[in-house]
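> I'd like to ask you about the structure that follows.
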Amino acid sequence: MKFVLSRLTDYSSEAILSELQRVASLVETPYMSKAVFDEHSRVHSATIVRRFNGWENALTQAGLSHRIQPVNITEKMRNQRGKEISNADLILELQRVAALAGVDGLKTQDIKEHSSIDPAIVRRRFGSWNKGLKEAGLRVPARARRYTDEECFENLLNLWVHLGRAPFFRELEVPPSVVGGTAYVKRWGTFNKALLAFIAQTETDTASPSLPPQVEPEPTVPNVDAGVAPGIAPRVKRKVPLGIRFTVLKRDCFKCVLCGVSPATSVTCNLHVDHIVPLAEGGGNEITNLRTLCDSCNLGKGARNE
């Protein structure tokens with residue numbers, strides 16, 4: 001089974017403008033907001049905003065200036081402090097919000113909740129968010145840990161199962177994701193390339209010959225201290241390659257084949273790829289011998305052959 005992304009693979013300016021025009025032809029609303037666009041698009045509006053320095057600029061370049069939604073000026077926008085605030089006052093504002101939030105290391109969300117300034121001002125003035133925190137004498141978060149390719153792919157697999165679709169970049173920053181977007185960008189250049197690498201890995205795993213379960217040999221000398229009794233049966237490894245697990249989960253529509261529960265319908269649902277014929281009874285890691293079970297059904301099955 002071959003998986004494709006429901007998003008652009010060509011991220012040139014021309015391709016993105018063409019996508020804007022395509023979505024505009026689909027929606028009937030007089031104005032095309034970012035929210036409306038994201039419902040039908042193959043590229044997120046945040047990417048367009050970064051590429052063309054604003055949503056309105058992008059619509060204009062796509063010949064869609066008549067679809068720009070008028071802006072309602074809110075009271076907060078009227079009181080917004082921008083270019084006129086000095087660096088010294090900006091530092092004082094960071095310190096004030098940190099004290100108000102009761103933290104010594106601010107997040108951009110703290111600024112959005114407790115201040116009228118835009119966090120982007122901090123980045124523009126000091127070069128980055130962390131440099132702004134350092135100037136204000138606040139704690140700078142420790143350098144993010146380096147994740148392996150396998151850890152990054154496992155995180156994508158868990159997110160894909162949880163959402164029932166390919167995750168968006170912004171969803172890497174909230175649970176159940178445990179690997180942030182920065183790790184993917186540093187490793188593969190863009191998140192889209194990371195997704196393509198993930199899909200390539202799943203295709204490699206499913207295309208590889210099905211190997212028999214690995215058996216660990218019995219120790220020649222029993223280790224009494226370790227509690228290994230004579231005559232113990234060899235232990236069969238149960239690890240199923242990531243690509244095969246993903247194929248089985250997607251085939252089963254990311255839900256338990258016995259009770260039908262899925263992460264989309266129950267926040268407590270955890271799905272497992274289960275061997276129909278247990279490894280201990282000669283079953284293998286072939287896709288036809290695997291199925292998707294939830295925690296409850298998997299524990300209830302145990303090692304029985306159902």
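Ordering of the structure tokens sets the chain letters (A, B, ...); residue numbers start at 1 within each chain; ligands are numbered from 1 in the order shown.
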Could you pull the residues within 12 Å of Ser18 (chain A), counting only C-alpha atoms, minus those fewer than 2 positions along the same chain, as a PyMOL selection string?

chain A and resi 8+10-16+20-25+41-43+48+58-59+61-64

> I'd like the neighbourhood of Leu156 (chain A) as a ChimeraX atom specification, where a residue qualifies if any of its atoms comes within 10 Å (using only C-alpha atoms), though same-chain residues fewer than 3 positions away should be ignored.

/A:150-153,159-162,166-167,172,177-179,194-195,198

> Write out as a list in words each polymer residue whose atoms come within 12 Å of Thr190 (chain A), counting only C-alpha atoms; drop sequence neighbours fewer than 6 positions from it.

Thr9, Tyr11, Thr47, Phe168, Phe169, Gly181, Thr182, Ala183, Tyr184, Leu196 and Ala197 of chain A

> Just how far from CA of Lys107 (chain A) is CA of Ser128 (chain A), in Å to one decimal?

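Interatomic distance, CA of Ser128 (chain A) to CA of Lys107 (chain A): 12.5 Å.
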
> Can you pull out every residue within 12 Å of Ser262 (chain A), counting only C-alpha atoms, but drop anything in the same chain fewer than 5 positions away, and send it as number ranges by chain?

A: 161-164, 249-250, 252-257, 267-272, 292-296

> In Å, how far is it from CA of Arg139 (chain A) to CA of Gln95 (chain A)?

11.0 Å

> So which residues touch Val27 (chain A) within 10 Å, counting only C-alpha atoms, skipping near sequence neighbours fewer than 3 positions away, as a ChimeraX atom specification?

/A:22-24,30-32,36-37,39-40

> Can you spit out the residues from that selection as a PDB file, in the first residue's frame, using all heavy atoms?


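So the final result, stored in again14.pdb, reads:
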```
ATOM      1  N   ARG A  22      -6.552  27.977  -6.671  1.00  0.00           N
ATOM      2  CA  ARG A  22      -7.372  26.762  -6.716  1.00  0.00           C
ATOM      3  C   ARG A  22      -8.407  26.750  -5.609  1.00  0.00           C
ATOM      4  O   ARG A  22      -9.592  26.475  -5.842  1.00  0.00           O
ATOM      5  CB  ARG A  22      -6.474  25.522  -6.598  1.00  0.00           C
ATOM      6  CG  ARG A  22      -7.225  24.196  -6.728  1.00  0.00           C
ATOM      7  CD  ARG A  22      -6.337  23.012  -6.368  1.00  0.00           C
ATOM      8  NE  ARG A  22      -6.085  22.965  -4.934  1.00  0.00           N
ATOM      9  CZ  ARG A  22      -6.932  22.414  -4.054  1.00  0.00           C
ATOM     10  NH1 ARG A  22      -8.078  21.903  -4.449  1.00  0.00           N
ATOM     11  NH2 ARG A  22      -6.616  22.389  -2.764  1.00  0.00           N
ATOM     12  N   VAL A  23      -7.964  27.067  -4.381  1.00  0.00           N
ATOM     13  CA  VAL A  23      -8.895  27.071  -3.244  1.00  0.00           C
ATOM     14  C   VAL A  23      -9.934  28.172  -3.414  1.00  0.00           C
ATOM     15  O   VAL A  23     -11.114  27.988  -3.089  1.00  0.00           O
ATOM     16  CB  VAL A  23      -8.118  27.246  -1.926  1.00  0.00           C
ATOM     17  CG1 VAL A  23      -9.084  27.375  -0.757  1.00  0.00           C
ATOM     18  CG2 VAL A  23      -7.183  26.056  -1.702  1.00  0.00           C
ATOM     19  N   ALA A  24      -9.521  29.327  -3.928  1.00  0.00           N
ATOM     20  CA  ALA A  24     -10.460  30.435  -4.128  1.00  0.00           C
ATOM     21  C   ALA A  24     -11.593  30.035  -5.071  1.00  0.00           C
ATOM     22  O   ALA A  24     -12.740  30.485  -4.922  1.00  0.00           O
ATOM     23  CB  ALA A  24      -9.723  31.656  -4.674  1.00  0.00           C
ATOM     24  N   PRO A  30     -17.517  35.328   0.189  1.00  0.00           N
ATOM     25  CA  PRO A  30     -16.988  36.515  -0.516  1.00  0.00           C
ATOM     26  C   PRO A  30     -15.541  36.826  -0.150  1.00  0.00           C
ATOM     27  O   PRO A  30     -14.790  37.342  -0.971  1.00  0.00           O
ATOM     28  CB  PRO A  30     -17.930  37.635  -0.072  1.00  0.00           C
ATOM     29  CG  PRO A  30     -18.546  37.148   1.207  1.00  0.00           C
ATOM     30  CD  PRO A  30     -18.658  35.678   1.050  1.00  0.00           C
ATOM     31  N   TYR A  31     -15.168  36.509   1.100  1.00  0.00           N
ATOM     32  CA  TYR A  31     -13.799  36.744   1.536  1.00  0.00           C
ATOM     33  C   TYR A  31     -13.142  35.400   1.853  1.00  0.00           C
ATOM     34  O   TYR A  31     -13.802  34.466   2.315  1.00  0.00           O
ATOM     35  CB  TYR A  31     -13.766  37.633   2.774  1.00  0.00           C
ATOM     36  CG  TYR A  31     -14.513  38.938   2.593  1.00  0.00           C
ATOM     37  CD1 TYR A  31     -15.652  39.226   3.357  1.00  0.00           C
ATOM     38  CD2 TYR A  31     -14.097  39.865   1.657  1.00  0.00           C
ATOM     39  CE1 TYR A  31     -16.337  40.417   3.187  1.00  0.00           C
ATOM     40  CE2 TYR A  31     -14.780  41.055   1.477  1.00  0.00           C
ATOM     41  CZ  TYR A  31     -15.902  41.324   2.243  1.00  0.00           C
ATOM     42  OH  TYR A  31     -16.579  42.506   2.067  1.00  0.00           O
ATOM     43  N   MET A  32     -11.845  35.315   1.592  1.00  0.00           N
ATOM     44  CA  MET A  32     -11.126  34.071   1.881  1.00  0.00           C
ATOM     45  C   MET A  32     -10.189  34.300   3.056  1.00  0.00           C
ATOM     46  O   MET A  32      -9.086  34.846   2.909  1.00  0.00           O
ATOM     47  CB  MET A  32     -10.341  33.583   0.669  1.00  0.00           C
ATOM     48  CG  MET A  32      -9.787  32.170   0.868  1.00  0.00           C
ATOM     49  SD  MET A  32      -9.295  31.336  -0.648  1.00  0.00           S
ATOM     50  CE  MET A  32      -7.843  32.292  -1.071  1.00  0.00           C
ATOM     51  N   VAL A  36     -10.693  29.583   6.451  1.00  0.00           N
ATOM     52  CA  VAL A  36     -11.410  28.976   5.328  1.00  0.00           C
ATOM     53  C   VAL A  36     -10.424  28.308   4.375  1.00  0.00           C
ATOM     54  O   VAL A  36     -10.651  27.190   3.899  1.00  0.00           O
ATOM     55  CB  VAL A  36     -12.247  30.043   4.590  1.00  0.00           C
ATOM     56  CG1 VAL A  36     -12.795  29.483   3.279  1.00  0.00           C
ATOM     57  CG2 VAL A  36     -13.385  30.530   5.474  1.00  0.00           C
ATOM     58  N   PHE A  37      -9.329  28.974   4.108  1.00  0.00           N
ATOM     59  CA  PHE A  37      -8.319  28.431   3.206  1.00  0.00           C
ATOM     60  C   PHE A  37      -7.765  27.109   3.742  1.00  0.00           C
ATOM     61  O   PHE A  37      -7.610  26.140   2.995  1.00  0.00           O
ATOM     62  CB  PHE A  37      -7.192  29.447   3.035  1.00  0.00           C
ATOM     63  CG  PHE A  37      -6.038  28.951   2.206  1.00  0.00           C
ATOM     64  CD1 PHE A  37      -6.112  28.938   0.826  1.00  0.00           C
ATOM     65  CD2 PHE A  37      -4.883  28.502   2.821  1.00  0.00           C
ATOM     66  CE1 PHE A  37      -5.055  28.477   0.056  1.00  0.00           C
ATOM     67  CE2 PHE A  37      -3.811  28.036   2.060  1.00  0.00           C
ATOM     68  CZ  PHE A  37      -3.903  28.023   0.677  1.00  0.00           C
ATOM     69  N   GLU A  39      -9.093  24.859   5.466  1.00  0.00           N
ATOM     70  CA  GLU A  39     -10.029  23.739   5.381  1.00  0.00           C
ATOM     71  C   GLU A  39      -9.915  22.992   4.054  1.00  0.00           C
ATOM     72  O   GLU A  39     -10.242  21.814   3.964  1.00  0.00           O
ATOM     73  CB  GLU A  39     -11.465  24.234   5.566  1.00  0.00           C
ATOM     74  CG  GLU A  39     -11.782  24.723   6.976  1.00  0.00           C
ATOM     75  CD  GLU A  39     -13.208  25.219   7.097  1.00  0.00           C
ATOM     76  OE1 GLU A  39     -13.951  25.095   6.086  1.00  0.00           O
ATOM     77  OE2 GLU A  39     -13.582  25.730   8.160  1.00  0.00           O
ATOM     78  N   HIS A  40      -9.447  23.687   3.020  1.00  0.00           N
ATOM     79  CA  HIS A  40      -9.448  23.097   1.679  1.00  0.00           C
ATOM     80  C   HIS A  40      -8.064  22.996   1.046  1.00  0.00           C
ATOM     81  O   HIS A  40      -7.930  22.406  -0.029  1.00  0.00           O
ATOM     82  CB  HIS A  40     -10.337  23.927   0.741  1.00  0.00           C
ATOM     83  CG  HIS A  40     -11.732  24.122   1.232  1.00  0.00           C
ATOM     84  ND1 HIS A  40     -12.728  23.186   1.048  1.00  0.00           N
ATOM     85  CD2 HIS A  40     -12.307  25.151   1.927  1.00  0.00           C
ATOM     86  CE1 HIS A  40     -13.853  23.620   1.591  1.00  0.00           C
ATOM     87  NE2 HIS A  40     -13.632  24.800   2.135  1.00  0.00           N
TER      88      HIS A  40
END
```

> Could you state the separation of CA of Val273 (chain A) and CA of Asp149 (chain A) in Å, given to one decimal place?

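Distance between the two atoms: 20.9 Å.
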
> Quick one: DSSP helix (DSSP H, G or I) residues in region 124-199 of chain A, as an MDAnalysis selection string?

chainID A and resid 124:126 129:135 149:163 169:173 181:188 191:199

> Which residues, written as a PyMOL selection string, have at least one atom at most 12 Å from Trp129 (chain A), with only C-alpha atoms counted and residues fewer than 6 positions away on the same chain left out?

chain A and resi 91+94+105-108+111+118-123+135-136+138-141
